[in-house]
Amino acid sequence: MIVNERTGEALDAYYRELELPAGKLHVYANEELFRALDYQVFAMANNNLQIPNLTYMSYTPDVHVGVGTCIGTTAVWPSEGGFVSPSIVGSDIGCGMRVHLTNIHRDELKDIKLRRKLVKAIDRYLPAEEHARGHYSDIRLEHIVRKGLHGLPHKYVPDHYTPKKSTSLSHVESSRYSFDESVLDRFPDRVWHRAHRQLGTLGGGNHFAELQAVEIDERSRDVAESWGLFDGQVVVMIHSGSRAWGGAVSQYGSSELVKVMRKLGLGTADPKLVYAPLAEPAAQDYVHLLYSALNYAVTNRHLIAYAIREACREVLGTAFEMRTLYDLMHNYAWEEQQEGSVHFVHRKGATRALPAGHPDNPAPYLATGHPALIPGSMGTASYIMVGQAGGRDNYYSICHGAGRIRSRTATKKLVSVKDFAAALGVGTENEVVINHRTLEGLVDESPQAYKDVDQIIESVKGAGLAIPVAACRPLATIKGV
DNA sequence: ATGTGC
């Protein structure tokens, strides 16, 4: 029997080891979520398991079908003799979450007119319309993709906003993803131009920027308070990625690695599953480009937060302040050390959540574990969690969100605008204010398109991977299209 | 997810 080290309760109901024809798949989900899984996610796992030399593969409870690989996959190879797969990483490289803590209480935003005013101001500073353009002509894209946040002009890094490098609360704030920069020559001018224009924009789909109110989980109050959270605190949560830059990297990497597959006679039943040995020069080029997209993605989220700060200060005054709690990704691949050996870990729709004491935590979070940021669907809570020691066997991967259960077209057929409006509390004083005149174009993002995030959180907790520190309930939501 | 694509 597997037991949760912290609570001593049995984990069998939250974890399964499946023997598929091509190999072993580890699945983390409670009974109900496991039973609801589509057979296609197992068919997809069976394709992925055919890639040689795989050390480990698992699914999180929010797993659902993607292109080539399911969203909710952790796949690990040894660094020596391992493989990299652009399909497992996916096209929105570096997509992830960022949370800033503000110095205001939800009661200060009780007035719906004030929330509307804030959303209007944010809309001016943060372009969210179709083909949105950022307002950052003073930023050099080549500096961003090379150096991440270190490539930003100083004015975009105000005091108190991002802690000083030496005391940074986030490893992505203090580090850059270094790589062989000669690979950047691969992209034509139009890719550079588009990516430059898009810098600081939110993107569509499930991406969002949200003002939320904190509800601390009593069992984690010590951790929450040590991170600077308080009950009713307004936080800014951002879900975005590397926009068209990551897309270009993904496309280029896939087309180059398909050539390698042909040369080596590799392949599975799914032609959309692209992979190659890490030792191949084309694979190395892809990994370098992937790091440039991580630099882009983290800077993009930083600039979105910067725009929201400017807008909030315009409406609420310059006493309004927000500081970085954390920024972390859920679509990427990189090297990690575990038990003395180096692994190449892919996470697609999976979040790394390190427990207290793990050496990869940035120093300020060493004693507690770092915040793991999990978005909910529109109108529902998002969560700030912290990893547990029980996550070790899963390379400390947890869920990345609610997880889609219905296609966009199926959701549009099923869900009426009226139901969606009710889910957002439209017409009540607690209405989640949004930046769109009507909900019509956003129905495919309604909570009914997604699994119940509370069940996902319960699964992760029950399996001993992570525990909730705070629920963050939406007050206002900015969505792109 | 993507200024989506035969």
# chains A, B, ... in the order shown; residues from 1 in each chain; ligands from 1
>>> interface_residues(of="chain B", to="chain A", cutoff="8 Å", atoms="only C-alpha atoms (C1' of nucleotides)", output="list in words")
DA1, DT2 and DG3 of chain B
>>> write_last_selection(atoms="all heavy atoms", output="PDB file, in the first residue's frame")
ATOM      1  P    DA B   1      -5.788  27.109 -24.900  1.00  0.00           P
ATOM      2  OP1  DA B   1      -6.648  28.146 -24.563  1.00  0.00           O
ATOM      3  OP2  DA B   1      -5.704  25.770 -24.725  1.00  0.00           O
ATOM      4  O5'  DA B   1      -4.715  27.653 -25.964  1.00  0.00           O
ATOM      5  C5'  DA B   1      -3.684  28.425 -25.395  1.00  0.00           C
ATOM      6  C4'  DA B   1      -2.696  28.795 -26.452  1.00  0.00           C
ATOM      7  O4'  DA B   1      -2.444  27.672 -27.302  1.00  0.00           O
ATOM      8  C3'  DA B   1      -3.164  29.943 -27.358  1.00  0.00           C
ATOM      9  O3'  DA B   1      -2.182  30.970 -27.302  1.00  0.00           O
ATOM     10  C2'  DA B   1      -3.258  29.331 -28.746  1.00  0.00           C
ATOM     11  C1'  DA B   1      -2.347  28.129 -28.633  1.00  0.00           C
ATOM     12  N9   DA B   1      -2.831  27.064 -29.503  1.00  0.00           N
ATOM     13  C8   DA B   1      -4.052  26.470 -29.517  1.00  0.00           C
ATOM     14  N7   DA B   1      -4.178  25.561 -30.439  1.00  0.00           N
ATOM     15  C5   DA B   1      -2.954  25.579 -31.077  1.00  0.00           C
ATOM     16  C6   DA B   1      -2.439  24.862 -32.155  1.00  0.00           C
ATOM     17  N6   DA B   1      -3.149  23.939 -32.810  1.00  0.00           N
ATOM     18  N1   DA B   1      -1.171  25.126 -32.536  1.00  0.00           N
ATOM     19  C2   DA B   1      -0.474  26.052 -31.878  1.00  0.00           C
ATOM     20  N3   DA B   1      -0.851  26.787 -30.856  1.00  0.00           N
ATOM     21  C4   DA B   1      -2.110  26.505 -30.502  1.00  0.00           C
ATOM     22  P    DT B   2      -2.451  32.383 -28.005  1.00  0.00           P
ATOM     23  OP1  DT B   2      -1.490  33.339 -27.430  1.00  0.00           O
ATOM     24  OP2  DT B   2      -3.896  32.627 -27.955  1.00  0.00           O
ATOM     25  O5'  DT B   2      -2.046  32.101 -29.518  1.00  0.00           O
ATOM     26  C5'  DT B   2      -0.733  31.637 -29.859  1.00  0.00           C
ATOM     27  C4'  DT B   2      -0.658  31.572 -31.366  1.00  0.00           C
ATOM     28  O4'  DT B   2      -0.980  30.239 -31.783  1.00  0.00           O
ATOM     29  C3'  DT B   2      -1.698  32.443 -32.057  1.00  0.00           C
ATOM     30  O3'  DT B   2      -1.261  33.783 -32.091  1.00  0.00           O
ATOM     31  C2'  DT B   2      -1.840  31.743 -33.412  1.00  0.00           C
ATOM     32  C1'  DT B   2      -1.510  30.283 -33.096  1.00  0.00           C
ATOM     33  N1   DT B   2      -2.675  29.332 -33.151  1.00  0.00           N
ATOM     34  C2   DT B   2      -2.590  28.281 -34.020  1.00  0.00           C
ATOM     35  O2   DT B   2      -1.624  28.119 -34.758  1.00  0.00           O
ATOM     36  N3   DT B   2      -3.665  27.451 -34.015  1.00  0.00           N
ATOM     37  C4   DT B   2      -4.806  27.564 -33.212  1.00  0.00           C
ATOM     38  O4   DT B   2      -5.699  26.749 -33.307  1.00  0.00           O
ATOM     39  C5   DT B   2      -4.823  28.693 -32.328  1.00  0.00           C
ATOM     40  C7   DT B   2      -6.016  28.880 -31.429  1.00  0.00           C
ATOM     41  C6   DT B   2      -3.771  29.509 -32.342  1.00  0.00           C
ATOM     42  P    DG B   3      -0.350  34.712 -32.948  1.00  0.00           P
ATOM     43  OP1  DG B   3       0.886  34.441 -33.666  1.00  0.00           O
ATOM     44  OP2  DG B   3      -0.308  35.593 -31.870  1.00  0.00           O
ATOM     45  O5'  DG B   3      -1.393  35.218 -34.015  1.00  0.00           O
ATOM     46  C5'  DG B   3      -1.105  34.947 -35.380  1.00  0.00           C
ATOM     47  C4'  DG B   3      -2.387  35.250 -36.079  1.00  0.00           C
ATOM     48  O4'  DG B   3      -2.610  36.674 -35.986  1.00  0.00           O
ATOM     49  C3'  DG B   3      -2.325  34.953 -37.571  1.00  0.00           C
ATOM     50  O3'  DG B   3      -3.656  34.721 -37.972  1.00  0.00           O
ATOM     51  C2'  DG B   3      -1.841  36.275 -38.110  1.00  0.00           C
ATOM     52  C1'  DG B   3      -2.688  37.226 -37.273  1.00  0.00           C
ATOM     53  N9   DG B   3      -2.210  38.596 -37.179  1.00  0.00           N
ATOM     54  C8   DG B   3      -2.980  39.725 -37.307  1.00  0.00           C
ATOM     55  N7   DG B   3      -2.311  40.835 -37.156  1.00  0.00           N
ATOM     56  C5   DG B   3      -1.009  40.407 -36.913  1.00  0.00           C
ATOM     57  C6   DG B   3       0.160  41.153 -36.675  1.00  0.00           C
ATOM     58  O6   DG B   3       0.288  42.391 -36.621  1.00  0.00           O
ATOM     59  N1   DG B   3       1.267  40.318 -36.475  1.00  0.00           N
ATOM     60  C2   DG B   3       1.238  38.965 -36.519  1.00  0.00           C
ATOM     61  N2   DG B   3       2.389  38.327 -36.326  1.00  0.00           N
ATOM     62  N3   DG B   3       0.149  38.257 -36.728  1.00  0.00           N
ATOM     63  C4   DG B   3      -0.933  39.030 -36.921  1.00  0.00           C
TER      64       DG B   3
END
>>> select_by_dssp(residues="range 56-285 of chain A", states="alpha helix (DSSP H)", output="count of residues only")
72
>>> residues_around(residues="Trp334 in chain A", least_positions_apart="6", cutoff="12 Å", atoms="only C-alpha atoms (C1' of nucleotides)", output="count of residues only")
32
>>> closest_atom_pairs(of="range 344-429 of chain A", to="range 307-327 of chain A", cutoff="9 Å", atoms="only C-alpha atoms", output="Markdown table")
| residue | atom | partner | partner_atom | distance |
| --- | --- | --- | --- | --- |
| A:His370 | CA | A:Tyr326 | CA | 7.9 |
| A:Pro371 | CA | A:Tyr326 | CA | 6.5 |
| A:Ala372 | CA | A:Tyr326 | CA | 8.1 |
| A:Leu373 | CA | A:Asp327 | CA | 8.0 |
>>> write_last_selection(atoms="all heavy atoms", output="mmCIF file, in the first residue's frame")
data_model
loop_
_atom_site.group_PDB
_atom_site.id
_atom_site.type_symbol
_atom_site.label_atom_id
_atom_site.label_comp_id
_atom_site.auth_asym_id
_atom_site.auth_seq_id
_atom_site.Cartn_x
_atom_site.Cartn_y
_atom_site.Cartn_z
ATOM 1 N N HIS A 370 8.344 26.362 -2.982
ATOM 2 C CA HIS A 370 7.924 27.564 -3.710
ATOM 3 C C HIS A 370 6.425 27.513 -4.018
ATOM 4 O O HIS A 370 5.830 26.429 -4.012
ATOM 5 C CB HIS A 370 8.726 27.703 -5.010
ATOM 6 C CG HIS A 370 8.440 26.599 -5.989
ATOM 7 N ND1 HIS A 370 7.348 26.614 -6.836
ATOM 8 C CD2 HIS A 370 9.079 25.430 -6.240
ATOM 9 C CE1 HIS A 370 7.335 25.512 -7.561
ATOM 10 N NE2 HIS A 370 8.372 24.766 -7.218
ATOM 11 N N PRO A 371 5.809 28.648 -4.304
ATOM 12 C CA PRO A 371 4.390 28.634 -4.679
ATOM 13 C C PRO A 371 4.198 27.938 -6.031
ATOM 14 O O PRO A 371 4.945 28.185 -6.972
ATOM 15 C CB PRO A 371 4.039 30.123 -4.807
ATOM 16 C CG PRO A 371 5.126 30.861 -4.082
ATOM 17 C CD PRO A 371 6.354 30.025 -4.243
ATOM 18 N N ALA A 372 3.223 27.048 -6.110
ATOM 19 C CA ALA A 372 2.843 26.398 -7.371
ATOM 20 C C ALA A 372 1.490 26.976 -7.765
ATOM 21 O O ALA A 372 0.546 26.941 -6.980
ATOM 22 C CB ALA A 372 2.767 24.888 -7.194
ATOM 23 N N LEU A 373 1.421 27.546 -8.972
ATOM 24 C CA LEU A 373 0.268 28.375 -9.357
ATOM 25 C C LEU A 373 -0.630 27.613 -10.324
ATOM 26 O O LEU A 373 -0.192 27.221 -11.404
ATOM 27 C CB LEU A 373 0.773 29.671 -10.003
ATOM 28 C CG LEU A 373 1.912 30.374 -9.231
ATOM 29 C CD1 LEU A 373 2.460 31.544 -10.034
ATOM 30 C CD2 LEU A 373 1.430 30.825 -7.856
#
>>> select_by_dssp(residues="range 201-279 of chain A", states="strand (DSSP E or B)", output="JSON, numbers by chain")
{"A": [208, 209, 210, 211, 212, 213, 214, 215, 216, 233, 234, 235, 236, 237, 238, 239, 240, 276, 277]}
>>> write_last_selection(atoms="N, CA, C and O atoms", output="PDB file, in the first residue's frame")
ATOM      1  N   PHE A 208      -5.412  34.402 -19.518  1.00  0.00           N
ATOM      2  CA  PHE A 208      -6.169  35.452 -18.843  1.00  0.00           C
ATOM      3  C   PHE A 208      -5.269  36.275 -17.936  1.00  0.00           C
ATOM      4  O   PHE A 208      -4.146  35.865 -17.610  1.00  0.00           O
ATOM      5  N   ALA A 209      -5.781  37.425 -17.537  1.00  0.00           N
ATOM      6  CA  ALA A 209      -5.200  38.188 -16.432  1.00  0.00           C
ATOM      7  C   ALA A 209      -6.370  38.473 -15.501  1.00  0.00           C
ATOM      8  O   ALA A 209      -7.464  38.802 -15.962  1.00  0.00           O
ATOM      9  N   GLU A 210      -6.159  38.281 -14.220  1.00  0.00           N
ATOM     10  CA  GLU A 210      -7.282  38.337 -13.299  1.00  0.00           C
ATOM     11  C   GLU A 210      -6.912  39.057 -12.014  1.00  0.00           C
ATOM     12  O   GLU A 210      -5.796  38.902 -11.507  1.00  0.00           O
ATOM     13  N   LEU A 211      -7.869  39.856 -11.506  1.00  0.00           N
ATOM     14  CA  LEU A 211      -7.774  40.347 -10.127  1.00  0.00           C
ATOM     15  C   LEU A 211      -8.555  39.348  -9.291  1.00  0.00           C
ATOM     16  O   LEU A 211      -9.706  39.031  -9.614  1.00  0.00           O
ATOM     17  N   GLN A 212      -7.924  38.831  -8.249  1.00  0.00           N
ATOM     18  CA  GLN A 212      -8.552  37.789  -7.433  1.00  0.00           C
ATOM     19  C   GLN A 212      -8.424  38.134  -5.954  1.00  0.00           C
ATOM     20  O   GLN A 212      -7.575  38.929  -5.576  1.00  0.00           O
ATOM     21  N   ALA A 213      -9.281  37.505  -5.140  1.00  0.00           N
ATOM     22  CA  ALA A 213      -9.208  37.701  -3.685  1.00  0.00           C
ATOM     23  C   ALA A 213      -8.741  36.403  -3.023  1.00  0.00           C
ATOM     24  O   ALA A 213      -9.209  35.322  -3.357  1.00  0.00           O
ATOM     25  N   VAL A 214      -7.815  36.548  -2.077  1.00  0.00           N
ATOM     26  CA  VAL A 214      -7.174  35.402  -1.413  1.00  0.00           C
ATOM     27  C   VAL A 214      -8.043  34.851  -0.286  1.00  0.00           C
ATOM     28  O   VAL A 214      -8.617  35.604   0.494  1.00  0.00           O
ATOM     29  N   GLU A 215      -8.113  33.514  -0.237  1.00  0.00           N
ATOM     30  CA  GLU A 215      -8.731  32.808   0.891  1.00  0.00           C
ATOM     31  C   GLU A 215      -7.717  31.778   1.354  1.00  0.00           C
ATOM     32  O   GLU A 215      -7.497  30.764   0.690  1.00  0.00           O
ATOM     33  N   ILE A 216      -7.081  32.038   2.473  1.00  0.00           N
ATOM     34  CA  ILE A 216      -6.011  31.147   2.939  1.00  0.00           C
ATOM     35  C   ILE A 216      -6.599  29.830   3.441  1.00  0.00           C
ATOM     36  O   ILE A 216      -7.629  29.821   4.107  1.00  0.00           O
ATOM     37  N   GLN A 233      -6.812  39.552   0.585  1.00  0.00           N
ATOM     38  CA  GLN A 233      -5.823  40.269  -0.227  1.00  0.00           C
ATOM     39  C   GLN A 233      -6.159  40.152  -1.712  1.00  0.00           C
ATOM     40  O   GLN A 233      -6.523  39.080  -2.188  1.00  0.00           O
ATOM     41  N   VAL A 234      -6.017  41.257  -2.419  1.00  0.00           N
ATOM     42  CA  VAL A 234      -6.190  41.213  -3.872  1.00  0.00           C
ATOM     43  C   VAL A 234      -4.856  40.801  -4.494  1.00  0.00           C
ATOM     44  O   VAL A 234      -3.806  41.342  -4.136  1.00  0.00           O
ATOM     45  N   VAL A 235      -4.917  39.806  -5.373  1.00  0.00           N
ATOM     46  CA  VAL A 235      -3.714  39.399  -6.108  1.00  0.00           C
ATOM     47  C   VAL A 235      -3.984  39.506  -7.609  1.00  0.00           C
ATOM     48  O   VAL A 235      -5.140  39.482  -8.045  1.00  0.00           O
ATOM     49  N   VAL A 236      -2.911  39.646  -8.366  1.00  0.00           N
ATOM     50  CA  VAL A 236      -3.011  39.681  -9.822  1.00  0.00           C
ATOM     51  C   VAL A 236      -2.430  38.370 -10.339  1.00  0.00           C
ATOM     52  O   VAL A 236      -1.270  38.056 -10.057  1.00  0.00           O
ATOM     53  N   MET A 237      -3.248  37.588 -11.038  1.00  0.00           N
ATOM     54  CA  MET A 237      -2.772  36.317 -11.591  1.00  0.00           C
ATOM     55  C   MET A 237      -2.784  36.394 -13.112  1.00  0.00           C
ATOM     56  O   MET A 237      -3.751  36.870 -13.696  1.00  0.00           O
ATOM     57  N   ILE A 238      -1.712  35.929 -13.719  1.00  0.00           N
ATOM     58  CA  ILE A 238      -1.575  35.997 -15.180  1.00  0.00           C
ATOM     59  C   ILE A 238      -1.276  34.611 -15.736  1.00  0.00           C
ATOM     60  O   ILE A 238      -0.441  33.889 -15.198  1.00  0.00           O
ATOM     61  N   HIS A 239      -1.992  34.259 -16.807  1.00  0.00           N
ATOM     62  CA  HIS A 239      -1.760  33.002 -17.517  1.00  0.00           C
ATOM     63  C   HIS A 239      -1.486  33.356 -18.972  1.00  0.00           C
ATOM     64  O   HIS A 239      -2.385  33.808 -19.674  1.00  0.00           O
ATOM     65  N   SER A 240      -0.254  33.224 -19.392  1.00  0.00           N
ATOM     66  CA  SER A 240       0.086  33.544 -20.779  1.00  0.00           C
ATOM     67  C   SER A 240       1.378  32.826 -21.161  1.00  0.00           C
ATOM     68  O   SER A 240       1.999  32.180 -20.326  1.00  0.00           O
ATOM     69  N   ALA A 276      13.432  13.203 -31.316  1.00  0.00           N
ATOM     70  CA  ALA A 276      14.752  12.851 -31.849  1.00  0.00           C
ATOM     71  C   ALA A 276      15.732  12.722 -30.691  1.00  0.00           C
ATOM     72  O   ALA A 276      15.502  13.290 -29.616  1.00  0.00           O
ATOM     73  N   PRO A 277      16.819  11.985 -30.912  1.00  0.00           N
ATOM     74  CA  PRO A 277      17.837  11.869 -29.851  1.00  0.00           C
ATOM     75  C   PRO A 277      18.412  13.248 -29.530  1.00  0.00           C
ATOM     76  O   PRO A 277      18.706  14.026 -30.443  1.00  0.00           O
TER      77      PRO A 277
END
>>> residues_around(residues="Ala353 in chain A", least_positions_apart="6", cutoff="8 Å", atoms="only C-alpha atoms (C1' of nucleotides)", output="VMD selection string")
chain A and resid 369 to 372 385 to 388 391 396 to 398 465 to 466
>>> atom_distance(atom1="CA of His150 in chain A", atom2="CA of Ala333 in chain A")
21.4 Å
>>> atom_distance(atom1="CA of Ala449 in chain A", atom2="CA of Cys399 in chain A")
17.0 Å
>>> atom_distance(atom1="CA of Ala470 in chain A", atom2="CA of Ile71 in chain A")
24.3 Å
